[in-house]
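So the structure is just underneath, and the comments pick up after that.
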2 protein chains.
Amino acid sequence: VVESWSFLDTVESNFRPLVVIELAKGTKEETIEWFTKRIVDKKANGGAQLLIKPLVTENGVENIYLVGATHLRLLLGAETVGLVKECSDNSMRTFTYSSRKTFKDFADDNHNFLTMAECQYIIKHELENLRAKNEKMIPGYPQAKLYPGKSIVRRLLTSGILVQIFPLHDREELKKLRHSWYGQVKVGYQPLDDIRCYFGETIALYFGFLEYFTFALVPMAVIGIPYYVFAWEDYDKYVMFATFNLLWSTVILEVWKRMCAMLTYRWGTLLMKRQFEEPRPGFHGVLGVNPVTGREEPVYSSLKRQLRIYLVSLPFVCLCLYFSLYVMMIYFDLEQWALDYHKENESNFSSLMLYVPSIIYAVVIEIMNRIYRYAAEFLTSWENHRLESSYQNHLILKVLVFNFLNCFASLFYIAFVLFDMKLLRQSLATLLITSQILNQFAESLLPYWLQKRYNRRMKKRMCSQKTDRDLSIAEQINMEKEMGTYLGTFDDYLELFLQFGYVSLFSCVYPLAAVFAVLNNITEIYSDALKMCRVYKRPFAEPTANIGVWQLAFETMSVISVVTNCILIGMSPQVDALFPDSKMDLVLTVALVEHLLLAIKFIMAFVIPDKPRDIQMKLAKLEFESLEALKQQVRAFQMQL
Amino acid sequence: VVESWSFLDTVESNFRPLVVIELAKGTKEETIEWFTKRIVDKKANGGAQLLIKPLVTENGVENIYLVGATHLRLLLGAETVGLVKECSDNSMRTFTYSSRKTFKDFADDNHNFLTMAECQYIIKHELENLRAKNEKMIPGYPQAKLYPGKSIVRRLLTSGILVQIFPLHDREELKKLRHSWYGQVKVGYQPLDDIRCYFGETIALYFGFLEYFTFALVPMAVIGIPYYVFAWEDYDKYVMFATFNLLWSTVILEVWKRMCAMLTYRWGTLLMKRQFEEPRPGFHGVLGVNPVTGREEPVYSSLKRQLRIYLVSLPFVCLCLYFSLYVMMIYFDLEQWALDYHKENESNFSSLMLYVPSIIYAVVIEIMNRIYRYAAEFLTSWENHRLESSYQNHLILKVLVFNFLNCFASLFYIAFVLFDMKLLRQSLATLLITSQILNQFAESLLPYWLQKRYNRRMKKRMCSQKTDRDLSIAEQINMEKEMGTYLGTFDDYLELFLQFGYVSLFSCVYPLAAVFAVLNNITEIYSDALKMCRVYKRPFAEPTANIGVWQLAFETMSVISVVTNCILIGMSPQVDALFPDSKMDLVLTVALVEHLLLAIKFIMAFVIPDKPRDIQMKLAKLEFESLEALKQQVRAFQMQL
C-alpha cells in the first residue's frame, strides 16, 4: 500500500490537513490506489494535484484520508474558483496568480492570505471537478459506470464507496471564534467577519440577517410593550401600531438588501462570477448530449419531469393541505370542548385547560411541518431536477406553501370566519411561543445534549481524560466524523419566515408578538452559534451574494400582511363607530386605504436603491476599468495592423 | 484649403459617403482645418482615422462634409463598438477582427457584411469618441473650452459650430424597403429585419411592438364586435369580456418579452455589452474629478439637482395636474350645458351637440399634452442630469404621470363619482377616436404634406425635373439636411400607452374600444412608416435589447385596469342583483375577486419565463463557452508555472 503521496517538492512536515475523505469499510485496494493517484496526479494528466495522506491510528489504517495542498496549489485554485480579495488600494478584485502582489496582505510566505474556509472550499471544488477521462467504470466496481467528464467524487458518493467528505475544524480558531461570538455575555454585534472566515459566506449571511432582523424588530417590540403594560385595548392605538408595522416592514426589507450588498461586497462574493452549474449529484437519466455544453452526460426528458410534478407532486401537496385543514377543524372542536368545560367548572384548572388545545395544536403543527418536510424532499428528489438551483426552488415552493397554510390557516379562520379577536390573540400567542420553544429545543439543545453524551462516551472508550486541545488529529477526526451534518440554512430561514408571519400578519391584535420574537431571536443567535460550533461537522464554505429566494418570500409575506391588517382594522369596533350610517363607506374606505398602502409599498421598493451609493460607485468603477482594459486590448491589437 | 483626405491606401473612387456633417456658415478656416485633421488622423495620434470630403456644389464649397471610412476601418470599428453578428454555425457572437473568418457571409471583399446602418452607427460612435488631447479650447473659438478627454463633437455641437450630423439615406435601399413595407396593399407581417437593417434596432423594435400589439388586440376586438352588432347591454356578458381582457393583457405583455428576446437575439443586441455611459451633451458643471473614471470632467452637485427636482419640478408638475383637473371641471360644465340644450330643443342638431364638449375636451387634452411635453423637457434638461438614461427616466416619469391624469381623470370622475355609465361610454369613445385622428394628422400627414410642398419648391428652384433617382449627391444632401429630425420613439410609445389605457381601463363598458384601436394601429403602421421613410432625416441606428421602461409602464397600466374593471363590474346592476340582501357581500366579493385576479397576474408574470427556452439555451451555451475559455486561459497560464 502506498502510504503517502506528495506534490511538487513539498516536505512532509509542511502538510496541513484541510479536508477528510472517508471511504467505506472494505473498499477494494485497486479502487483506493486509482482514486488517490487521480487526486495527486498533475493537472496536465487530468489529476487534482493535491496532497493526500492516509490516517494511521492505533488500529492500523482505517479508510480515512487527509487531503491538503501546497500554498502555490491553493493560490492557483483560488484563481480557478474566481475568488475575490481585497487589493492594497482597498478595492475588491478577482484574484489572479499573476497579479498576486497587488493584493492586501499577500506575501509568498504568508500562508494566511487565504482563510482556512477558502482553502477548504478550493479543495472541495478541485475534488468535485476531478473528472473521468476514458474510464468506463470505477476500477473494482463494474456497476459504478463512468463516462468522460463525469465527476469522479460524485459517482463515488452515489455508489456508496465514498462515505463522506468534510472539512476539518481548526480547534484553535474555533475556540477564539466561540469566545468572541458567544463566550462572553455582552451586548454588541456578532463577529460576522470572523464567522465568515470560519464558516463561509452563506452561514455568515444567515447570522447577519438574523442579527439585522432582530434589531429591526426592536422598534416594533418597544412600541408593543405599552400595549401590554397599560392594557391598551383601544383599536385606534392598534391602527397606529399596524400602520407603523406595515411601512416599517417594507423599509427593513429594502434596507436589508443594501446591508447585504455592503457585507457581500466586503466579502468579495458580490463580485464573484457565477460558476457554471453542474448536474446535481442525485440526477440520473440516459446518456445523451447536453445541448449547452456539447458534452455527453445523463439527459432526462423535461416532459417526464413535468408529468411527475403535475400528476404526482401537485396532487400530493393538495392532499397534504387538505389534511392540514382537517386537523385544524379538529383543533376547533377541541377548543370548543375546552370552552364548554371551562363554562361548566369555572376553576383555575379549567381556565388553564383553555390553553391546552392551542398548545397541542402547536405541537401537532410542528410535527406535521417536519414530516411534510421529509415528504417534500423525497418528492422533489424524485422529480429528478437536473440543477441544484431548480431542485431548491421546487423544494422551497412546496415547503413554503404548506408551512404557510399549516401555521396560519387557523389564525385566518379565527380572524375572518369566526371574527373572534380574543381567541385570535390567545391562539396567536400560544402558537408563537410554543413553536419557538419547540424549535429551540429540537434544533439546538437536543442535538447538543446528544453530542455531549456521545463525546463523553467516546472519550471514555479512548481511555483518556485529555481536554479538547490535546486531542491528536486521529482522535479529532474520529470525533468529528460522527457528528451530524449541517444541512444548510433552509430550516433556519424558514423559522424566521414563519416568525415574521406571526409578527406581521396579525400585528394589530397582538403587539406583544414582536417582543417575543426579539427575545427568541436573541437566544436563537446563541443556540444557532452553539449548534454550528459544537454540534455539527464543520460545513464547507459556500460563497453567496444574497439570501436568494428568501428575500422574495419575506417581501411576499409583508404584502399579505398589508391585506390582513387592513381587514382587521376595518373590522374593529372603533373604526366601525366612525361610520355609523353606512357599512359600505367603511368597507370602501378600508379598500382604498389598503390599495394606497400597497401602492406606497411598491413605490418605496422601487425608489429605494438596492445598493448603497458607494457600493454602486465601486461597482461602476470596476465595470469601467474592465471595459477600458478591453478597449485597450482591442486598440493594441488594431494598432498592429 | 485642403480638398480631401484619405486614410491608408484608399483610392478616391472607393469613397462611399455615409454621414453628413454640417458646419455653421462662416466657421473659421483654422477650426475646419483642425477638426478635419483630427477626423482623418491616425488612431495612434488620437484621431478617428476616417475619410472626409467637402461637398462641392455649383455654389462652391458649402460648409458640408461627407464622412466615410475604409472597409477595414469599419470592421475594426465594429469590434470597438462590440457588434454581435451571426457566425457560420448560426450562433450569435461578438465580432472581432481576428475571428472575422468564422462569421457568416464574411469575405474580405464583401462590403455588405456590415449593413449601412451599422456602418453609420460605427462612424457616429467614432466621431463622438474623438476626444480633446491637450487643447484648451476649440481653435478659433476661445469661449468653447476643452479639457483632456472631452468629446470634440459634443463641444462643437453645444457651441453651435457644428449644426448637425446625420446619416445619409440610401435611395436604392429605401425604395426597396418602402415597397416591401407599405408599397403594396397586402396582409402580412412587416419586413422587420429589413427595417432593422435600414433604421436600426430601436426603431425596428418599435414597429415590432406596434405590430405585435395590434395582433394581440385582435382577439379583444373580435370579441368586442358582437356587443355592438347585437347591442348586448347585459353586464354579465361584460363581466366575461372584462375577465378575458384582464388575463389577456397580462399574457400579451409577458409574451411580448419573449418575442422581444427572440427578435433582439436574432439582431445581436440581446448579447451586446452595455457601453459605459458618457455625460449627456447638455450636462454642465464645474471641472472636477469623476470618482468612477478618475478623469477630469464637469461635476454637478447631486444636492443641487435634488433641490431643483423637489423644489421646482415637483411643484410645477403638481400645478399642471391641478390645472388639468380645473380644465376637466370646465368640460363637465360644458357637458351639462349641452345636455340642457338638448333637453330644451330635442332635434338632430342638439343630439349632435351632445358630442361637441367631448370633442373640444379631447382637442384641449391633446394640446395640453403637447405643451406640457415641452415644459417637461425644458425642466428635465434644467435639472442637469449627468446621464442620458437618468434624464430620460425623469422625463418619462413626468410626462407619464401628467398624460395619465390628463387623459383619464375625466373618465375616472364619470365612472366613480358621477356613476354615469352612458356618459362614460360616450366620453370614452369620443376621447379615443378624436385623439387617434388628431395624432395621425399631427404626426404623419401634416409633416408629410409640408415636406412634399418643400420638396416641390426645392426642385423648382433647382430648375430640374429629375426624379428622385437621378438626384446628384449634392442635391440629395441639400434636400435631406432640411428635413425634420426624428426625435426618437418616445411619442410613438406614449401614444400606444394611452391607447392601451383607453382599451383596458374601462374595457367592460365599451368593448368597441379594441376595434378602434386595431383600426388605428393598422393605419398607424402605414403612417409611421411613411413618416420614417419620407418625412424625416434618416436617424442613426441605436442598438437596444428591449423596449425599456415602457414594458414597466404597460404592466402598471394593466394592474390599474384590474382595479378599475373590478369596480365597474361591481357597480353594474346585474351583479348588484345577485346580492339582493346585502351590499356588503357584494363589495366584499368584488374585493376578493380583485385580489385573486391581482394574485393570478403576479403569479403568471412570475411563472412565464422572460425568454423562450431555445434563447435561454443559446445564452447558456455562450456563457458556458466564455467560462470554458477563461478556464482554459487560467489553466494554460498555470501549466507554465
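Note on naming: chains are A, B, ... as they come in the C-alpha cells, residues start from 1 per chain, ligands start from 1 in the order shown.
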
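The interface of chain A with chain B at 8 Å, considering only C-alpha atoms, consists of A:Lys43, A:Ala44, A:Leu76, A:Glu79, A:Thr80, A:Gln275, A:Phe276, A:Pro291, A:Val292, A:Thr293, A:Lys583, A:Met584, A:Val587, A:Leu588, A:Ala591, A:Met617, A:Lys618, A:Ala620, A:Lys621, A:Phe624, A:Glu625, A:Leu627, A:Lys631, A:Val634, A:Gln638, A:Met639.
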
For the selection you just gave me, I'd like the residues written to a file as a compact mmCIF listing (two decimals), in the first residue's frame, keeping N, CA, C and O atoms.
# COMPACT_ATOMS: atom_id res chain seq x y z
N LYS A 43 -2.17 18.23 -12.89
CA LYS A 43 -3.28 18.82 -13.64
C LYS A 43 -3.20 18.43 -15.12
O LYS A 43 -4.21 18.13 -15.76
N ALA A 44 -1.97 18.46 -15.64
CA ALA A 44 -1.76 18.16 -17.06
C ALA A 44 -2.23 16.74 -17.40
O ALA A 44 -2.68 16.47 -18.51
N LEU A 76 -3.31 28.93 -6.96
CA LEU A 76 -3.79 28.66 -8.32
C LEU A 76 -5.27 28.28 -8.29
O LEU A 76 -6.05 28.68 -9.14
N GLU A 79 -7.55 31.18 -8.00
CA GLU A 79 -7.80 31.81 -9.30
C GLU A 79 -8.86 31.02 -10.07
O GLU A 79 -9.76 31.61 -10.67
N THR A 80 -8.75 29.68 -10.00
CA THR A 80 -9.71 28.84 -10.74
C THR A 80 -11.14 29.06 -10.26
O THR A 80 -12.06 29.16 -11.07
N GLN A 275 -20.48 30.42 -11.14
CA GLN A 275 -19.86 29.28 -11.82
C GLN A 275 -20.92 28.57 -12.66
O GLN A 275 -22.11 28.66 -12.37
N PHE A 276 -20.50 27.89 -13.67
CA PHE A 276 -21.44 27.11 -14.48
C PHE A 276 -21.97 25.96 -13.63
O PHE A 276 -21.21 25.26 -12.98
N PRO A 291 -27.16 19.88 -24.80
CA PRO A 291 -27.11 20.85 -25.91
C PRO A 291 -26.31 22.09 -25.56
O PRO A 291 -25.83 22.78 -26.45
N VAL A 292 -26.17 22.39 -24.27
CA VAL A 292 -25.43 23.61 -23.90
C VAL A 292 -23.93 23.37 -23.94
O VAL A 292 -23.19 24.11 -24.57
N THR A 293 -23.48 22.30 -23.28
CA THR A 293 -22.04 22.09 -23.19
C THR A 293 -21.51 21.24 -24.34
O THR A 293 -20.32 21.22 -24.59
N LYS A 583 -72.21 50.89 6.38
CA LYS A 583 -71.17 49.88 6.38
C LYS A 583 -70.37 49.96 5.06
O LYS A 583 -69.18 49.69 5.02
N MET A 584 -71.08 50.31 3.98
CA MET A 584 -70.46 50.41 2.67
C MET A 584 -69.27 51.36 2.68
O MET A 584 -68.19 51.05 2.20
N VAL A 587 -66.29 49.82 4.33
CA VAL A 587 -65.58 48.83 3.51
C VAL A 587 -64.82 49.53 2.38
O VAL A 587 -63.65 49.22 2.10
N LEU A 588 -65.45 50.50 1.76
CA LEU A 588 -64.80 51.20 0.65
C LEU A 588 -63.57 51.96 1.14
O LEU A 588 -62.52 51.96 0.49
N ALA A 591 -60.81 49.49 1.75
CA ALA A 591 -60.24 49.03 0.47
C ALA A 591 -59.33 50.10 -0.12
O ALA A 591 -58.25 49.82 -0.62
N MET A 617 -20.94 52.98 -6.79
CA MET A 617 -19.78 53.66 -7.39
C MET A 617 -18.63 52.69 -7.58
O MET A 617 -17.96 52.69 -8.61
N LYS A 618 -18.39 51.86 -6.55
CA LYS A 618 -17.28 50.92 -6.64
C LYS A 618 -17.52 49.91 -7.77
O LYS A 618 -16.59 49.57 -8.51
N ALA A 620 -19.39 50.43 -10.40
CA ALA A 620 -19.27 51.15 -11.67
C ALA A 620 -17.81 51.33 -12.04
O ALA A 620 -17.41 51.21 -13.20
N LYS A 621 -16.99 51.59 -11.03
CA LYS A 621 -15.57 51.79 -11.26
C LYS A 621 -14.93 50.52 -11.82
O LYS A 621 -14.17 50.56 -12.80
N PHE A 624 -16.10 50.01 -15.31
CA PHE A 624 -15.40 50.94 -16.19
C PHE A 624 -13.98 50.45 -16.49
O PHE A 624 -13.54 50.44 -17.63
N GLU A 625 -13.31 49.99 -15.43
CA GLU A 625 -11.94 49.50 -15.62
C GLU A 625 -11.89 48.33 -16.58
O GLU A 625 -11.02 48.26 -17.45
N LEU A 627 -14.03 47.54 -18.89
CA LEU A 627 -14.34 47.99 -20.25
C LEU A 627 -13.12 48.69 -20.85
O LEU A 627 -12.79 48.49 -22.02
N LYS A 631 -11.02 47.71 -24.13
CA LYS A 631 -10.78 48.69 -25.19
C LYS A 631 -9.29 48.78 -25.51
O LYS A 631 -8.89 48.81 -26.67
N VAL A 634 -8.26 45.80 -27.50
CA VAL A 634 -8.71 45.91 -28.89
C VAL A 634 -7.82 46.90 -29.63
O VAL A 634 -7.36 46.66 -30.74
N GLN A 638 -5.43 46.36 -32.76
CA GLN A 638 -5.69 47.06 -34.02
C GLN A 638 -4.49 47.88 -34.48
O GLN A 638 -4.28 48.07 -35.68
N MET A 639 -3.70 48.35 -33.51
CA MET A 639 -2.50 49.13 -33.85
C MET A 639 -1.51 48.30 -34.66
O MET A 639 -0.78 48.80 -35.49

Rounded to one decimal, what separation in Å do you get between atom CA of Ala78 of chain A and atom CA of Ile122 of chain A?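 Atom-to-atom, atom CA of Ala78 of chain A and atom CA of Ile122 of chain A are spaced 6.4 Å apart.
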
Compile the contact shell of segment 529-542 of chain A as a PyMOL selection string: residues with an atom at most 10 Å away, counting only C-alpha atoms, same-chain residues fewer than 5 positions apart removed. chain A and resi 19+116-124+165-170+174-175+177-178+181-183+195-204+207+269+443-452+479-488+523-524

Applying 12 Å and only C-alpha atoms, which residues near Val575 of chain A remain after dropping the ones on its own chain fewer than 5 positions away? List them as a tab-separated table (two decimals) with N, CA and C atoms, in the first residue's frame.
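Output file result_13.tsv is given in full below:
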chain	number	residue	atom	x	y	z
A	234	ASP	N	-57.60	49.86	23.01
A	234	ASP	CA	-58.24	50.72	22.02
A	234	ASP	C	-57.76	50.33	20.64
A	235	TYR	N	-58.71	50.25	19.74
A	235	TYR	CA	-58.30	49.90	18.40
A	235	TYR	C	-57.63	51.06	17.68
A	236	ASP	N	-57.94	52.30	18.11
A	236	ASP	CA	-57.30	53.41	17.39
A	236	ASP	C	-55.80	53.40	17.64
A	237	LYS	N	-55.39	52.89	18.82
A	237	LYS	CA	-53.95	52.75	19.06
A	237	LYS	C	-53.39	51.61	18.21
A	238	TYR	N	-54.17	50.55	18.10
A	238	TYR	CA	-53.73	49.43	17.25
A	238	TYR	C	-53.55	49.87	15.80
A	239	VAL	N	-54.44	50.78	15.37
A	239	VAL	CA	-54.35	51.26	13.99
A	239	VAL	C	-52.99	51.90	13.75
A	566	CYS	N	-55.22	45.49	7.19
A	566	CYS	CA	-56.28	46.43	6.80
A	566	CYS	C	-57.65	45.86	7.12
A	567	ILE	N	-57.83	44.57	6.85
A	567	ILE	CA	-59.14	43.97	7.13
A	567	ILE	C	-59.41	43.96	8.63
A	568	LEU	N	-58.39	43.58	9.40
A	568	LEU	CA	-58.57	43.53	10.86
A	568	LEU	C	-58.96	44.89	11.41
A	569	ILE	N	-58.27	45.92	10.93
A	569	ILE	CA	-58.57	47.26	11.41
A	569	ILE	C	-59.99	47.66	11.00
A	570	GLY	N	-60.33	47.30	9.77
A	570	GLY	CA	-61.69	47.62	9.30
A	570	GLY	C	-62.75	46.94	10.14
A	580	PRO	N	-71.12	55.37	11.32
A	580	PRO	CA	-72.35	54.85	11.93
A	580	PRO	C	-73.45	54.61	10.91
A	583	LYS	N	-72.21	50.89	6.38
A	583	LYS	CA	-71.17	49.88	6.38
A	583	LYS	C	-70.37	49.96	5.06
A	585	ASP	N	-69.52	52.55	3.26
A	585	ASP	CA	-68.45	53.55	3.30
A	585	ASP	C	-67.24	53.00	4.02
A	586	LEU	N	-67.50	52.26	5.12
A	586	LEU	CA	-66.41	51.66	5.87
A	586	LEU	C	-65.59	50.75	4.98
A	587	VAL	N	-66.29	49.82	4.33
A	587	VAL	CA	-65.58	48.83	3.51
A	587	VAL	C	-64.82	49.53	2.38
A	589	THR	N	-63.69	52.58	2.32
A	589	THR	CA	-62.55	53.31	2.88
A	589	THR	C	-61.40	52.36	3.14
A	590	VAL	N	-61.73	51.22	3.78
A	590	VAL	CA	-60.68	50.24	4.07
A	590	VAL	C	-60.01	49.78	2.78

In segment 256-446 of chain A, DSSP alpha helix (DSSP H) residues written as a PyMOL selection string: chain A and resi 256-267+302-307+314-344+348-353+356-382+388-413+421-440+446

Excluding same-chain residues fewer than 5 positions from Leu512 of chain A, what lies within 10 Å of it counting only C-alpha atoms, as a list of chain:residue names?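 The neighbour list is A:Met220, A:Ala221, A:Val222, A:Ile223, A:Gly224, A:Ile225, A:Pro226, A:Tyr227, A:Tyr228, A:Arg425, A:Ala429, A:Val503, A:Ser507, A:Ala517.
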
Atomic distance atom CA of Ile21 of chain B - atom CA of Leu162 of chain B, expressed in Å with one decimal: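 Pair atom CA of Ile21 of chain B / atom CA of Leu162 of chain B returns 7.5 Å.
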
Kindly indicate which residue among B:Trp550, B:Ile367, B:Ser561, B:Phe606 lies nearest to Ala242 of chain B, using only C-alpha atoms for the distances.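 Answer, going by the shortest atom-to-atom distance: B:Ser561.
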
Taking only segment 67-227 of chain A into account, list the residues labelled strand (DSSP E) by DSSP (computed from the backbone), as a PyMOL selection string. chain A and resi 67-68+84-86+92-94+137-138+141-145+162-167
